[in-house]
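Quick notes on the structure that follows.
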Amino acid sequence: MQLSPYSRARPRPVGSRRETIVWYMMRITGVMLFVLALAHFSIYHFIWDPAEQTAEFIITERWNQLFWRGYTWLMLMTVLFHGWLGMRTVVLDYFHRPRLRTGILWFLYGLGIFLLIIGTQVIFQAPLPVEGAAAQ
Amino acid sequence: VLRVPTVLRYRGREGMLAWAFHRISGIGIFAFVVLHVIDIYLVGGNPELYDEVLEFYASLPGRVMEVVLGGALLYHALNGLRIIILDLWPSMTVFHRGMWWAMWAIFIVLGVPGALIIMRPVWLPWLQDLGLL
């Protein structure tokens, strides 16, 4: 059978165990985000309207339930993994000078760790759920 | 030297376009995620400033940008699924052109109503003015 040379995406790497793991992780986190990110976007744009989502709304409605707090944190982890490994691929494709490439990658990973810290902090520093507060 | 045609040239035809859009939408979503984690941080760090940012998100230019973001997200998600299908079942490659167009059909069917819902503050009062609602 003749396979079209045009349609394959990035082929599964051979020879490097690390690159093979990255290749699989991109696909696994991609499927996770298909659910997590699309549901997140749909809930906060189609069910709720952006105009309603004040800081108070987020604390008292959205993060009042541990499930949605966990959901947000899982999505943060997944997007940091998928987005940052994806950007790594972009950087490796376009930047070939070793020092520049290393510098950009360090900046990228530093930014990711920074977002991981502030994102985790804001999710977990919110007051503990108050029983019945969402029903008011 | 990085020029647009060099950067976007990959293997030609549908596969190349799919790849170029995937990369562009991916970089765009990445940029928004950086912004979005920082603005959500303000919910705890500076709620008043967060509410001001929210006013922009709820404004007309903000909503247009959300439609673009949603489109990028939907494309990246659907095309990503297409890539995974081709990776797992290489024999599906014979249908790759059909999958490309099927993906755009799903994109339109889900994306157009989604865009209309996001833009509802624009057309809802307009319909009400006309006495249709």
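Residues in the structure tokens are numbered from 1 in each chain, the chains being A, B, ... in the order shown, and ligands are numbered from 1 in the order shown.
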- request: Identify all chain B residues at most 9 Å from chain A by counting only C-alpha atoms; ligands do not count. Present them as an MDAnalysis selection string.
  value: chainID B and resid 2 7 10:16 18:19 23 26:27 29:30 33:34 37:38 40:48 50:51 54:55 57:59 63 66 70 73:74 77:78 80:81 83:84 86:87 90:91 93:94 96:97 114 117:118
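Among A:Ile113, A:Val14, A:Ile43, A:Leu108, the residue with the shortest atom-to-atom distance to A:Leu85, counting only C-alpha atoms, is A:Leu108.
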- prompt: Near A:Arg101, counting only C-alpha atoms, which residues have an atom at most 8 Å away, once you skip same-chain residues fewer than 4 positions from it, shown as a list of chain:residue names?
  reply: A:Val91, A:Leu92, A:Phe95, A:His96, A:Arg97, A:Leu105
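Atom pair atom CA of A:Met75 / atom CA of B:Leu35: separated by 15.3 Å.
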- line: Pairwise distance, atom CA of A:Leu128 with atom CA of A:Leu66, equals 8.6 Å
message: I'd like the neighbourhood of B:Trp104 as number ranges by chain, where a residue qualifies if any of its atoms comes within 9 Å (using only C-alpha atoms), though same-chain residues fewer than 4 positions away should be ignored.
response: B: 75, 78, 99-100, 108-109
Residues as selected, N, CA and C atoms, written as a compact mmCIF listing (two decimals), in the first residue's frame, can you do that?
# COMPACT_ATOMS: atom_id res chain seq x y z
N TYR B 75 -9.61 24.17 16.46
CA TYR B 75 -8.81 23.63 15.36
C TYR B 75 -7.69 22.73 15.90
N LEU B 78 -9.12 19.41 17.20
CA LEU B 78 -9.59 18.49 16.16
C LEU B 78 -8.44 17.97 15.33
N MET B 99 -10.44 13.05 5.88
CA MET B 99 -10.42 13.42 7.31
C MET B 99 -10.19 14.92 7.47
N TRP B 100 -9.37 15.46 6.61
CA TRP B 100 -9.11 16.92 6.66
C TRP B 100 -10.40 17.70 6.45
N ILE B 108 -16.84 23.84 11.59
CA ILE B 108 -17.90 24.82 11.28
C ILE B 108 -19.14 24.54 12.13
N VAL B 109 -19.54 23.26 12.21
CA VAL B 109 -20.77 22.91 12.93
C VAL B 109 -20.68 23.29 14.41
- prompt: Could you pull out all residues of chain A with a DSSP call of alpha helix (DSSP H) and give them as a PyMOL selection string?
  reply: chain A and resi 17-42+55-57+66-94+98-125
task: Check the smallest atom-to-atom distance from each of B:Asn79, B:Pro121, B:Ala115, B:Gly28 to B:Trp101 using only C-alpha atoms, then report the winner.
output: B:Asn79
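The coordinates place atom CA of B:Leu116 at 22.5 Å from atom CA of B:Val53.
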